[in-house]
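Here is the structure we will look at, set down as structure tokens.
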Amino acid sequence: DAMVIQNPRYQVTQFGKPVTLSCSQTLNHNVMYWYQQKSSQAPKLLFHYYDKDFNNEADTPDNFQSRRPNTSFCFLDIRSPGLGDAAMYLCATSRDPGGGDEAFFGQGTRLTVV
Amino acid sequence: GNSVTQMEGPVTLSEEAFLTINCTYTATGYPSLFWYVQYPGEGLQLLLKATKADDKGSNKGFEATYRKETTSFHLEKGSVQVSDSAVYFCALGVDTGGFKTIFGAGTRLFVKA
């Protein structure tokens, strides 16, 4: 029944070594989001795709990139992870960016940087 | 700008106690309002929502009313259970040329048996 699936649930990477997190959805939603959530903080939006249109938040570091090869999949690439990038990364989807639709979240990937 | 302020936690209650978690917002335009819940080690799940003034969202015994005059969306439950222990996020949805959900800092709830 899982609708937004994130893999892996836990990822350990080395300082400076590129890492990719993946997200897939079975909802056929137009919009996919990536959030970063640090311990005891609110999720912070990094960027989102509306179909193939990429929308970056102004304060998202260049170290973070994203790809959406098709409707179902979206990837978060961290080019050179630093210790400060250790966090839970949440993928979410919604149907329509213009309405009041809620976001559907995956279970998250917890990234550890060593 | 758009922002959400919610009461700091943790909130600790005994089972069957009454719960209120305060949430106020600042927004341009007419946002949608949401409460999300996050259980340990999990992603966020929508708990309830309201899309216009005076709407009441409700789910699983939780309620919140969209109050435009006080810019508030307080979460209430008449009788909490141990299984309600989680982090609760108030959020607003705005269309700024792309719909965004902006979250409050979250309030951790502990319910004791």
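Chain lettering (A, B, ...) mirrors the order of the structure tokens, residue numbering begins at 1 for each chain separately, and ligand numbering begins at 1 in order of display.
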Please produce, as JSON lines, a per-residue contact table for chain B versus chain A (criterion: any atom at most 10 Å away, only C-alpha atoms considered), showing the nearest atom pair and its distance in Å to one decimal, sorted by chain then residue number.
```
{"residue": "B:Tyr30", "atom": "CA", "partner": "A:Gly100", "partner_atom": "CA", "distance": 9.9}
{"residue": "B:Pro31", "atom": "CA", "partner": "A:Gly100", "partner_atom": "CA", "distance": 7.7}
{"residue": "B:Ser32", "atom": "CA", "partner": "A:Gly100", "partner_atom": "CA", "distance": 5.4}
{"residue": "B:Leu33", "atom": "CA", "partner": "A:Gly100", "partner_atom": "CA", "distance": 8.2}
{"residue": "B:Phe34", "atom": "CA", "partner": "A:Glu102", "partner_atom": "CA", "distance": 7.6}
{"residue": "B:Trp35", "atom": "CA", "partner": "A:Glu102", "partner_atom": "CA", "distance": 9.8}
{"residue": "B:Tyr36", "atom": "CA", "partner": "A:Glu102", "partner_atom": "CA", "distance": 9.5}
{"residue": "B:Gln38", "atom": "CA", "partner": "A:Gln107", "partner_atom": "CA", "distance": 9.7}
{"residue": "B:Gly41", "atom": "CA", "partner": "A:Gln107", "partner_atom": "CA", "distance": 7.7}
{"residue": "B:Glu42", "atom": "CA", "partner": "A:Gln107", "partner_atom": "CA", "distance": 4.9}
{"residue": "B:Gly43", "atom": "CA", "partner": "A:Gln107", "partner_atom": "CA", "distance": 4.0}
{"residue": "B:Leu44", "atom": "CA", "partner": "A:Phe105", "partner_atom": "CA", "distance": 5.7}
{"residue": "B:Gln45", "atom": "CA", "partner": "A:Phe105", "partner_atom": "CA", "distance": 6.6}
{"residue": "B:Leu46", "atom": "CA", "partner": "A:Glu102", "partner_atom": "CA", "distance": 7.1}
{"residue": "B:Leu47", "atom": "CA", "partner": "A:Glu102", "partner_atom": "CA", "distance": 10.0}
{"residue": "B:Leu48", "atom": "CA", "partner": "A:Glu102", "partner_atom": "CA", "distance": 9.2}
{"residue": "B:Lys49", "atom": "CA", "partner": "A:Glu102", "partner_atom": "CA", "distance": 7.8}
{"residue": "B:Ala50", "atom": "CA", "partner": "A:Gly100", "partner_atom": "CA", "distance": 8.5}
{"residue": "B:Thr51", "atom": "CA", "partner": "A:Gly100", "partner_atom": "CA", "distance": 6.1}
{"residue": "B:Lys52", "atom": "CA", "partner": "A:Gly100", "partner_atom": "CA", "distance": 9.3}
{"residue": "B:Val87", "atom": "CA", "partner": "A:Ser40", "partner_atom": "CA", "distance": 9.0}
{"residue": "B:Phe89", "atom": "CA", "partner": "A:Ala42", "partner_atom": "CA", "distance": 7.7}
{"residue": "B:Cys90", "atom": "CA", "partner": "A:Ala42", "partner_atom": "CA", "distance": 9.6}
{"residue": "B:Ala91", "atom": "CA", "partner": "A:Ala42", "partner_atom": "CA", "distance": 9.7}
{"residue": "B:Leu92", "atom": "CA", "partner": "A:Gly100", "partner_atom": "CA", "distance": 9.2}
{"residue": "B:Gly93", "atom": "CA", "partner": "A:Gly100", "partner_atom": "CA", "distance": 6.5}
{"residue": "B:Val94", "atom": "CA", "partner": "A:Gly100", "partner_atom": "CA", "distance": 7.9}
{"residue": "B:Asp95", "atom": "CA", "partner": "A:Gly98", "partner_atom": "CA", "distance": 5.6}
{"residue": "B:Thr96", "atom": "CA", "partner": "A:Gly98", "partner_atom": "CA", "distance": 8.6}
{"residue": "B:Gly97", "atom": "CA", "partner": "A:Gly98", "partner_atom": "CA", "distance": 7.8}
{"residue": "B:Gly98", "atom": "CA", "partner": "A:Pro97", "partner_atom": "CA", "distance": 5.4}
{"residue": "B:Phe99", "atom": "CA", "partner": "A:Pro97", "partner_atom": "CA", "distance": 4.2}
{"residue": "B:Lys100", "atom": "CA", "partner": "A:Pro97", "partner_atom": "CA", "distance": 7.4}
{"residue": "B:Thr101", "atom": "CA", "partner": "A:Ala103", "partner_atom": "CA", "distance": 7.9}
{"residue": "B:Ile102", "atom": "CA", "partner": "A:Lys44", "partner_atom": "CA", "distance": 7.9}
{"residue": "B:Phe103", "atom": "CA", "partner": "A:Ala42", "partner_atom": "CA", "distance": 5.9}
{"residue": "B:Gly104", "atom": "CA", "partner": "A:Ala42", "partner_atom": "CA", "distance": 6.0}
{"residue": "B:Ala105", "atom": "CA", "partner": "A:Ala42", "partner_atom": "CA", "distance": 4.5}
{"residue": "B:Gly106", "atom": "CA", "partner": "A:Ala42", "partner_atom": "CA", "distance": 6.2}
{"residue": "B:Thr107", "atom": "CA", "partner": "A:Ser40", "partner_atom": "CA", "distance": 9.0}
{"residue": "B:Arg108", "atom": "CA", "partner": "A:Ser40", "partner_atom": "CA", "distance": 8.8}
```
**Report entry** Spatial neighbours of Thr70 in chain B, 12 Å, only C-alpha atoms, chain gap at least 3 places, as a list in words
**Finding:**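 Close residues of Thr70 in chain B: Asn22, Cys23, Thr24, Tyr25, Thr26, Ala53, Asp54, Thr65, Tyr66, Arg67, Phe73 and His74 of chain B.
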Those same residues - N, CA, C and O atoms - I'd like them written as a tab-separated table (two decimals), in the first residue's frame.
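That gives us part20.tsv:
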```tsv
chain	number	residue	atom	x	y	z
B	22	ASN	N	-1.21	24.92	20.65
B	22	ASN	CA	-1.51	26.19	19.99
B	22	ASN	C	-0.68	26.37	18.72
B	22	ASN	O	0.50	25.99	18.67
B	23	CYS	N	-1.32	26.98	17.74
B	23	CYS	CA	-0.65	27.28	16.47
B	23	CYS	C	-1.19	28.59	15.94
B	23	CYS	O	-2.42	28.77	15.86
B	24	THR	N	-0.31	29.51	15.60
B	24	THR	CA	-0.70	30.73	14.92
B	24	THR	C	0.14	30.87	13.66
B	24	THR	O	1.23	30.30	13.56
B	25	TYR	N	-0.36	31.64	12.73
B	25	TYR	CA	0.33	31.74	11.46
B	25	TYR	C	0.34	33.18	10.96
B	25	TYR	O	-0.47	34.01	11.37
B	26	THR	N	1.27	33.43	10.06
B	26	THR	CA	1.33	34.67	9.30
B	26	THR	C	1.38	34.28	7.84
B	26	THR	O	2.19	33.42	7.45
B	53	ALA	N	-11.54	29.85	5.97
B	53	ALA	CA	-11.90	30.37	7.30
B	53	ALA	C	-13.17	29.69	7.83
B	53	ALA	O	-14.12	29.44	7.08
B	54	ASP	N	-13.13	29.38	9.12
B	54	ASP	CA	-14.20	28.75	9.88
B	54	ASP	C	-14.38	27.26	9.59
B	54	ASP	O	-15.22	26.61	10.22
B	65	THR	N	-9.88	24.32	14.22
B	65	THR	CA	-10.73	25.23	13.48
B	65	THR	C	-9.91	26.38	12.93
B	65	THR	O	-9.11	27.00	13.66
B	66	TYR	N	-10.09	26.66	11.67
B	66	TYR	CA	-9.38	27.73	10.96
B	66	TYR	C	-9.99	29.07	11.39
B	66	TYR	O	-11.11	29.42	11.01
B	67	ARG	N	-9.24	29.83	12.20
B	67	ARG	CA	-9.73	31.11	12.71
B	67	ARG	C	-8.96	32.23	12.04
B	67	ARG	O	-7.81	32.51	12.39
B	73	PHE	N	-4.91	28.09	14.47
B	73	PHE	CA	-5.39	26.76	14.05
B	73	PHE	C	-4.97	25.79	15.15
B	73	PHE	O	-4.18	24.89	14.95
B	74	HIS	N	-5.54	25.97	16.33
B	74	HIS	CA	-5.14	25.19	17.50
B	74	HIS	C	-5.66	23.76	17.41
B	74	HIS	O	-6.82	23.52	17.06
```
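Taking CA of Cys74 in chain A and CA of Ala87 in chain A as endpoints, the distance between them is 18.3 Å.
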Query raised in the report: What are the DSSP strand (DSSP E) residues of chain A, as number ranges by chain?
Result: A: 4-7, 10-13, 19-25, 31-37, 44-50, 53-56, 64-67, 73-78, 87-94, 104-105, 109-113
Query - Which of A:Ser66, A:Lys52, A:Ser72, A:Val19 sits closest to Tyr35 in chain A [using only C-alpha atoms] - result: A:Ser66
Query raised in the report: Counting only C-alpha atoms, what is within 6 Å of range 10-12 of chain B, bar same-chain residues fewer than 2 positions away, as a list in words?
Result: Arg108, Leu109, Phe110 and Val111 of chain B
Report summary line: Atom pair CA of Phe75 in chain A + CA of Ile5 in chain A, distance 11.7 Å
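The coordinates place CA of Phe54 in chain A at 12.4 Å from CA of Leu76 in chain A.
Closest approach to Gly78 in chain B among B:Val4, B:Lys56, B:Thr28, B:Gly61 is made by B:Gly61 (distances from only C-alpha atoms).
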Query raised in the report: Which residue, B:Tyr88, B:Ser83, B:Pro40, B:Asp55, has the smallest gap to Gln6 in chain B when you use only C-alpha atoms?
Result: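 Closest to Gln6 in chain B, using only C-alpha atoms: B:Tyr88.
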